[in-house]
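Student: I'm passing along query16.csv; it holds CSV, C-alpha atoms.
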chain,number,residue,atom,x,y,z
A,1,MET,CA,-8.2,-3.0,3.8
A,2,LYS,CA,-6.0,0.1,2.8
A,3,TYR,CA,-7.7,0.5,-0.6
A,4,ARG,CA,-11.3,-0.2,-1.5
A,5,LYS,CA,-10.0,-1.1,-5.0
A,6,HIS,CA,-6.4,-1.6,-6.0
A,7,VAL,CA,-5.6,-1.5,-9.7
A,8,PHE,CA,-2.4,-2.9,-11.1
A,9,VAL,CA,-1.6,-2.1,-14.7
A,10,CYS,CA,1.2,-4.1,-16.5
A,11,THR,CA,3.9,-1.8,-17.7
A,12,ASN,CA,6.3,-4.6,-18.7
A,13,GLN,CA,8.2,-4.2,-21.9
A,14,LYS,CA,9.5,-7.3,-23.7
A,15,GLU,CA,11.8,-7.3,-26.7
A,16,ALA,CA,10.1,-7.4,-30.1
A,17,PRO,CA,8.6,-9.5,-31.6
A,18,LYS,CA,7.3,-10.9,-28.3
A,19,LYS,CA,3.7,-9.9,-27.6
A,20,CYS,CA,3.5,-7.8,-24.5
A,21,CYS,CA,1.5,-5.1,-22.8
A,22,GLY,CA,4.2,-2.4,-23.4
A,23,GLN,CA,5.7,0.1,-21.1
A,24,GLU,CA,4.5,3.3,-22.9
A,25,HIS,CA,0.9,2.2,-23.2
A,26,GLY,CA,0.9,0.9,-19.6
A,27,LEU,CA,2.2,4.1,-18.2
A,28,GLU,CA,-0.4,6.1,-20.2
A,29,LEU,CA,-3.1,3.9,-18.8
A,30,VAL,CA,-1.9,4.4,-15.2
A,31,GLU,CA,-1.9,8.1,-15.8
A,32,ALA,CA,-5.4,8.1,-17.2
A,33,PHE,CA,-6.7,6.0,-14.2
A,34,LYS,CA,-5.0,8.3,-11.7
A,35,ASN,CA,-6.5,11.4,-13.4
A,36,ALA,CA,-10.0,9.9,-13.5
A,37,LEU,CA,-9.8,9.0,-9.8
A,38,LYS,CA,-8.5,12.4,-8.8
A,39,GLU,CA,-11.3,14.1,-10.7
A,40,ARG,CA,-13.7,12.1,-8.5
A,41,LYS,CA,-11.6,12.7,-5.3
A,42,LEU,CA,-11.2,8.9,-4.9
A,43,GLN,CA,-7.5,8.7,-5.1
A,44,THR,CA,-7.0,7.9,-1.4
A,45,GLU,CA,-9.5,5.0,-1.4
A,46,ILE,CA,-8.9,3.6,-4.9
A,47,ARG,CA,-5.3,3.3,-6.1
A,48,ALA,CA,-4.1,2.7,-9.7
A,49,GLN,CA,-0.5,1.9,-10.2
A,50,ARG,CA,2.1,0.3,-12.4
A,51,ALA,CA,3.1,-3.3,-12.0
A,52,GLY,CA,5.5,-5.8,-13.7
A,53,CYS,CA,4.3,-8.7,-15.8
A,54,LEU,CA,0.9,-10.0,-14.8
A,55,ASP,CA,1.4,-13.1,-17.0
A,56,VAL,CA,-1.4,-12.2,-19.4
A,57,CYS,CA,1.0,-11.0,-22.1
A,58,ALA,CA,-0.9,-12.5,-25.1
A,59,PHE,CA,-4.1,-10.6,-24.0
A,60,GLY,CA,-2.5,-7.3,-23.2
A,61,PRO,CA,-2.6,-4.5,-22.5
A,62,GLY,CA,-3.6,-6.1,-19.3
A,63,MET,CA,-4.5,-5.1,-15.8
A,64,VAL,CA,-6.1,-6.6,-12.6
A,65,VAL,CA,-8.5,-5.1,-10.0
A,66,TYR,CA,-8.2,-6.4,-6.4
A,67,PRO,CA,-9.6,-7.5,-4.0
A,68,GLU,CA,-11.9,-9.2,-6.5
A,69,GLY,CA,-9.1,-10.3,-8.8
A,70,VAL,CA,-10.8,-9.3,-12.1
A,71,PHE,CA,-8.4,-9.3,-15.0
A,72,TYR,CA,-9.0,-7.2,-18.1
A,73,GLY,CA,-7.3,-7.5,-21.5
A,74,ASN,CA,-6.8,-5.4,-24.5
A,75,VAL,CA,-7.4,-2.3,-22.4
A,76,GLN,CA,-7.3,1.0,-24.3
A,77,LEU,CA,-7.2,4.6,-23.1
A,78,SER,CA,-10.8,4.9,-24.3
A,79,ASP,CA,-11.8,2.2,-21.9
A,80,VAL,CA,-10.6,3.9,-18.7
A,81,GLU,CA,-13.7,6.0,-18.0
A,82,GLU,CA,-16.0,3.0,-18.3
A,83,ILE,CA,-13.8,0.8,-16.1
A,84,VAL,CA,-13.6,3.6,-13.5
A,85,GLU,CA,-17.3,4.5,-13.5
A,86,SER,CA,-18.7,1.0,-13.9
A,87,HIS,CA,-16.3,-1.2,-11.9
A,88,LEU,CA,-14.3,0.9,-9.6
A,89,VAL,CA,-17.1,3.3,-8.5
A,90,ASN,CA,-20.2,1.1,-9.0
A,91,ASP,CA,-18.8,-2.4,-8.5
A,92,VAL,CA,-20.0,-3.6,-11.9
A,93,PRO,CA,-17.1,-5.2,-13.8
A,94,VAL,CA,-16.9,-4.4,-17.6
A,95,GLU,CA,-17.8,-7.8,-19.1
A,96,ARG,CA,-16.6,-7.0,-22.6
A,97,LEU,CA,-13.0,-6.6,-21.4
A,98,LYS,CA,-12.9,-9.3,-18.7
A,99,LEU,CA,-10.5,-12.2,-19.1
A,100,ASP,CA,-12.0,-15.5,-18.1
A,101,PHE,CA,-9.8,-17.0,-15.4
B,102,MET,CA,-9.7,-16.0,-9.5
B,103,LYS,CA,-6.5,-16.5,-11.6
B,104,TYR,CA,-4.3,-16.7,-8.5
B,105,ARG,CA,-5.0,-18.0,-5.1
B,106,LYS,CA,-2.6,-15.4,-3.8
B,107,HIS,CA,-1.1,-12.6,-5.7
B,108,VAL,CA,1.9,-10.9,-4.1
B,109,PHE,CA,3.1,-7.4,-5.2
B,110,VAL,CA,6.5,-6.2,-4.0
B,111,CYS,CA,7.4,-2.6,-4.3
B,112,THR,CA,10.5,-2.1,-6.4
B,113,ASN,CA,10.2,1.6,-6.7
B,114,GLN,CA,13.4,3.7,-6.4
B,115,LYS,CA,13.3,7.3,-5.2
B,116,GLU,CA,16.2,9.6,-5.2
B,117,ALA,CA,18.1,9.9,-1.9
B,118,PRO,CA,17.5,11.0,0.8
B,119,LYS,CA,13.9,10.1,0.3
B,120,LYS,CA,12.9,7.0,2.2
B,121,CYS,CA,11.7,4.3,-0.2
B,122,CYS,CA,11.6,0.5,-0.6
B,123,GLY,CA,14.3,0.4,-3.2
B,124,GLN,CA,14.7,-1.3,-6.5
B,125,GLU,CA,17.6,-3.6,-5.7
B,126,HIS,CA,16.1,-4.9,-2.4
B,127,GLY,CA,12.6,-5.2,-4.0
B,128,LEU,CA,13.9,-7.3,-6.9
B,129,GLU,CA,15.8,-9.6,-4.5
B,130,LEU,CA,12.6,-10.1,-2.6
B,131,VAL,CA,10.7,-10.9,-5.7
B,132,GLU,CA,13.3,-13.4,-6.7
B,133,ALA,CA,13.3,-15.0,-3.3
B,134,PHE,CA,9.5,-15.4,-3.3
B,135,LYS,CA,9.6,-16.8,-6.8
B,136,ASN,CA,12.2,-19.4,-5.8
B,137,ALA,CA,10.3,-20.3,-2.6
B,138,LEU,CA,7.1,-20.8,-4.6
B,139,LYS,CA,8.8,-22.9,-7.3
B,140,GLU,CA,10.4,-25.1,-4.7
B,141,ARG,CA,6.8,-25.9,-3.5
B,142,LYS,CA,5.5,-26.2,-7.1
B,143,LEU,CA,3.0,-23.4,-6.3
B,144,GLN,CA,4.1,-20.9,-8.9
B,145,THR,CA,1.0,-21.3,-11.1
B,146,GLU,CA,-1.5,-20.7,-8.3
B,147,ILE,CA,0.5,-18.2,-6.2
B,148,ARG,CA,2.2,-15.4,-8.1
B,149,ALA,CA,4.9,-13.0,-6.7
B,150,GLN,CA,5.9,-10.1,-8.8
B,151,ARG,CA,7.3,-6.6,-8.8
B,152,ALA,CA,5.1,-3.5,-8.6
B,153,GLY,CA,5.6,0.3,-8.6
B,154,CYS,CA,5.1,2.4,-5.4
B,155,LEU,CA,2.5,0.9,-3.0
B,156,ASP,CA,2.4,4.2,-1.1
B,157,VAL,CA,3.9,2.7,2.1
B,158,CYS,CA,7.4,4.2,1.4
B,159,ALA,CA,8.1,5.1,5.1
B,160,PHE,CA,7.5,1.5,6.2
B,161,GLY,CA,9.4,-0.1,3.4
B,162,PRO,CA,10.5,-2.4,2.0
B,163,GLY,CA,6.8,-3.0,1.5
B,164,MET,CA,4.5,-5.5,-0.2
B,165,VAL,CA,0.9,-6.5,-0.3
B,166,VAL,CA,-0.9,-9.9,-0.6
B,167,TYR,CA,-4.2,-10.1,-2.4
B,168,PRO,CA,-7.1,-11.0,-2.4
B,169,GLU,CA,-7.0,-10.2,1.4
B,170,GLY,CA,-5.1,-7.0,1.0
B,171,VAL,CA,-2.6,-7.6,3.8
B,172,PHE,CA,0.3,-5.1,3.7
B,173,TYR,CA,3.7,-5.9,5.1
B,174,GLY,CA,6.5,-3.5,6.0
B,175,ASN,CA,10.2,-3.7,6.7
B,176,VAL,CA,10.3,-7.0,4.8
B,177,GLN,CA,13.8,-8.6,4.7
B,178,LEU,CA,15.0,-11.6,2.7
B,179,SER,CA,15.1,-13.5,5.9
B,180,ASP,CA,11.3,-13.1,6.3
B,181,VAL,CA,10.4,-14.6,2.9
B,182,GLU,CA,10.2,-18.2,4.0
B,183,GLU,CA,8.0,-17.4,7.0
B,184,ILE,CA,5.6,-15.3,4.8
B,185,VAL,CA,5.4,-18.1,2.2
B,186,GLU,CA,4.9,-20.9,4.7
B,187,SER,CA,2.6,-19.1,7.1
B,188,HIS,CA,0.6,-16.8,5.0
B,189,LEU,CA,0.7,-17.9,1.4
B,190,VAL,CA,0.5,-21.6,2.0
B,191,ASN,CA,-1.3,-21.8,5.3
B,192,ASP,CA,-3.3,-18.6,5.3
B,193,VAL,CA,-2.0,-17.3,8.6
B,194,PRO,CA,-0.7,-13.7,8.1
B,195,VAL,CA,2.6,-12.9,9.8
B,196,GLU,CA,1.5,-10.5,12.5
B,197,ARG,CA,4.9,-9.1,13.4
B,198,LEU,CA,5.3,-7.6,9.9
B,199,LYS,CA,1.8,-6.6,9.2
B,200,LEU,CA,1.0,-2.9,8.6
B,201,ASP,CA,-2.2,-1.7,10.3
B,202,PHE,CA,-4.4,-0.3,7.7
Show me the file's structure as structure tokens.

Tutor:
Amino acid sequence: MKYRKHVFVCTNQKEAPKKCCGQEHGLELVEAFKNALKERKLQTEIRAQRAGCLDVCAFGPGMVVYPEGVFYGNVQLSDVEEIVESHLVNDVPVERLKLDF
Amino acid sequence: MKYRKHVFVCTNQKEAPKKCCGQEHGLELVEAFKNALKERKLQTEIRAQRAGCLDVCAFGPGMVVYPEGVFYGNVQLSDVEEIVESHLVNDVPVERLKLDF
């Protein structure tokens, strides 16, 4: 597998008043994940990137971590360190943000 | 897992003369995958969508299928039916398009 973990963050923007993850917030999340991974020199084995709509609009800002297919909802910038350290580095998903699918 | 298969197609556009997958081609691929899945009534269990750069620019147009993490390169519209039927439906990756990671 090219990446040990591959993180896709929704950066889709819908027109108001539709609920959506939002481009600006999504891009900030991607940047925060990239920085946190670079700080740990993990950017070649763990990739975080933007994606289109993940179809979890009502629970956004949303993202998914593969290969395990764990979706997270209502992800804020303040959650990035915990997701990186707990899930991406130590393989323990962050239960309080997990979406039940 | 929310999706049995989750297909991410690069729709990233870099400025010429940089080699890249290309937005227009990527969006055409996404559309073709969506249509092929709808025809089979599989769109709720198998999702195809756009994504940002997958870091396979030189081998583009590129895409990845999760949860197995199989990357494909030089994907053309004429390859969509084979990828859907062989890989997404019958779980047999299309060897001639696979990128070796």

Student: Near chain A, which residues of chain B fall within 9 Å when you count all atoms listed in the file, and what do they look like as a list of chain:residue names?

Tutor: B:Met102, B:Lys103, B:Tyr104, B:His107, B:Phe109, B:Cys111, B:Arg148, B:Gln150, B:Arg151, B:Ala152, B:Gly153, B:Cys154, B:Leu155, B:Tyr167, B:Pro168, B:Glu169, B:Gly170, B:Val171, B:Phe172, B:Asp201, B:Phe202

Student: Can you tell me how far CA of Ala133 in chain B sits from CA of Leu178 in chain B, in Å to one decimal?

Tutor: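 Separating CA of Ala133 in chain B from CA of Leu178 in chain B is a distance of 7.1 Å.
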
Student: Choose the residue, out of B:Gly174, B:Pro118, B:Pro194, B:Gly127, that has the smallest atom-to-atom separation from Cys158 in chain B; count all atoms listed in the file.

Tutor: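 Under the stated criterion, the closest residue is B:Gly174.
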
Student: Quick one: distance from CA of Phe59 in chain A to CA of Gln76 in chain A in Å, one decimal?

Tutor: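 Separation of CA of Phe59 in chain A and CA of Gln76 in chain A: 12.0 Å.
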
Student: Quick one: distance from CA of Asn35 in chain A to CA of Val56 in chain A in Å, one decimal?

Tutor: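 The value is 24.9 Å.
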
Student: Nearest to Leu130 in chain B among B:Ala117, B:Val176, B:Val195, B:Leu143, with distances taken over only C-alpha atoms: which residue is it?

Tutor: B:Val176

Student: When distances are computed from only C-alpha atoms, which of B:Ala159, B:Lys135, B:Lys142, B:Glu116 shows the smallest separation from Val181 in chain B?

Tutor: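 Residue with the minimum atom-to-atom distance to Val181 in chain B: B:Lys135.
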
Student: Output range 151-162 of chain B as a CSV table (one decimal), in the coordinates of the input, making sure all heavy atoms are there.

Tutor:
chain,number,residue,atom,x,y,z
B,151,ARG,N,6.9,-7.9,-9.2
B,151,ARG,CA,7.3,-6.6,-8.8
B,151,ARG,C,6.1,-5.6,-9.1
B,151,ARG,O,5.2,-5.9,-9.9
B,151,ARG,CB,8.5,-6.1,-9.6
B,151,ARG,CG,8.4,-6.0,-11.1
B,151,ARG,CD,9.7,-5.8,-11.8
B,151,ARG,NE,9.6,-6.0,-13.2
B,151,ARG,CZ,9.2,-5.0,-14.0
B,151,ARG,NH1,8.9,-3.8,-13.5
B,151,ARG,NH2,9.0,-5.2,-15.3
B,152,ALA,N,6.1,-4.5,-8.4
B,152,ALA,CA,5.1,-3.5,-8.6
B,152,ALA,C,5.8,-2.1,-8.4
B,152,ALA,O,6.9,-2.0,-7.8
B,152,ALA,CB,4.0,-3.7,-7.6
B,153,GLY,N,5.1,-1.1,-8.8
B,153,GLY,CA,5.6,0.3,-8.6
B,153,GLY,C,5.2,0.6,-7.1
B,153,GLY,O,4.9,-0.2,-6.3
B,154,CYS,N,5.3,1.9,-6.8
B,154,CYS,CA,5.1,2.4,-5.4
B,154,CYS,C,3.7,2.0,-4.9
B,154,CYS,O,2.7,2.2,-5.5
B,154,CYS,CB,5.2,3.9,-5.4
B,154,CYS,SG,4.9,4.6,-3.8
B,155,LEU,N,3.7,1.3,-3.7
B,155,LEU,CA,2.5,0.9,-3.0
B,155,LEU,C,2.0,2.0,-2.0
B,155,LEU,O,1.1,1.8,-1.3
B,155,LEU,CB,2.7,-0.4,-2.3
B,155,LEU,CG,3.1,-1.6,-3.2
B,155,LEU,CD1,3.6,-2.8,-2.3
B,155,LEU,CD2,1.8,-2.1,-4.0
B,156,ASP,N,2.7,3.1,-2.0
B,156,ASP,CA,2.4,4.2,-1.1
B,156,ASP,C,2.6,3.8,0.4
B,156,ASP,O,1.8,4.2,1.2
B,156,ASP,CB,1.0,4.7,-1.4
B,156,ASP,CG,0.8,6.1,-0.8
B,156,ASP,OD1,1.8,6.8,-0.5
B,156,ASP,OD2,-0.4,6.5,-0.6
B,157,VAL,N,3.6,3.0,0.7
B,157,VAL,CA,3.9,2.7,2.1
B,157,VAL,C,5.4,2.9,2.3
B,157,VAL,O,6.1,2.3,3.1
B,157,VAL,CB,3.6,1.2,2.5
B,157,VAL,CG1,2.1,1.0,2.4
B,157,VAL,CG2,4.3,0.2,1.5
B,158,CYS,N,5.9,3.9,1.5
B,158,CYS,CA,7.4,4.2,1.4
B,158,CYS,C,8.1,4.3,2.8
B,158,CYS,O,9.1,3.7,3.0
B,158,CYS,CB,7.6,5.5,0.7
B,158,CYS,SG,6.5,5.8,-0.7
B,159,ALA,N,7.4,4.9,3.8
B,159,ALA,CA,8.1,5.1,5.1
B,159,ALA,C,8.2,3.8,5.9
B,159,ALA,O,9.0,3.8,6.8
B,159,ALA,CB,7.3,6.1,5.9
B,160,PHE,N,7.4,2.8,5.5
B,160,PHE,CA,7.5,1.5,6.2
B,160,PHE,C,8.2,0.5,5.4
B,160,PHE,O,8.1,-0.7,5.7
B,160,PHE,CB,6.0,1.1,6.5
B,160,PHE,CG,5.2,2.1,7.1
B,160,PHE,CD1,4.2,2.7,6.4
B,160,PHE,CD2,5.4,2.5,8.4
B,160,PHE,CE1,3.4,3.7,6.9
B,160,PHE,CE2,4.6,3.5,9.0
B,160,PHE,CZ,3.6,4.1,8.3
B,161,GLY,N,8.8,0.8,4.3
B,161,GLY,CA,9.4,-0.1,3.4
B,161,GLY,C,10.6,-0.8,4.0
B,161,GLY,O,11.1,-0.5,5.0
B,162,PRO,N,11.1,-1.8,3.3
B,162,PRO,CA,10.5,-2.4,2.0
B,162,PRO,C,9.1,-3.0,2.2
B,162,PRO,O,8.9,-3.8,3.2
B,162,PRO,CB,11.5,-3.5,1.7
B,162,PRO,CG,12.8,-3.2,2.5
B,162,PRO,CD,12.3,-2.5,3.7
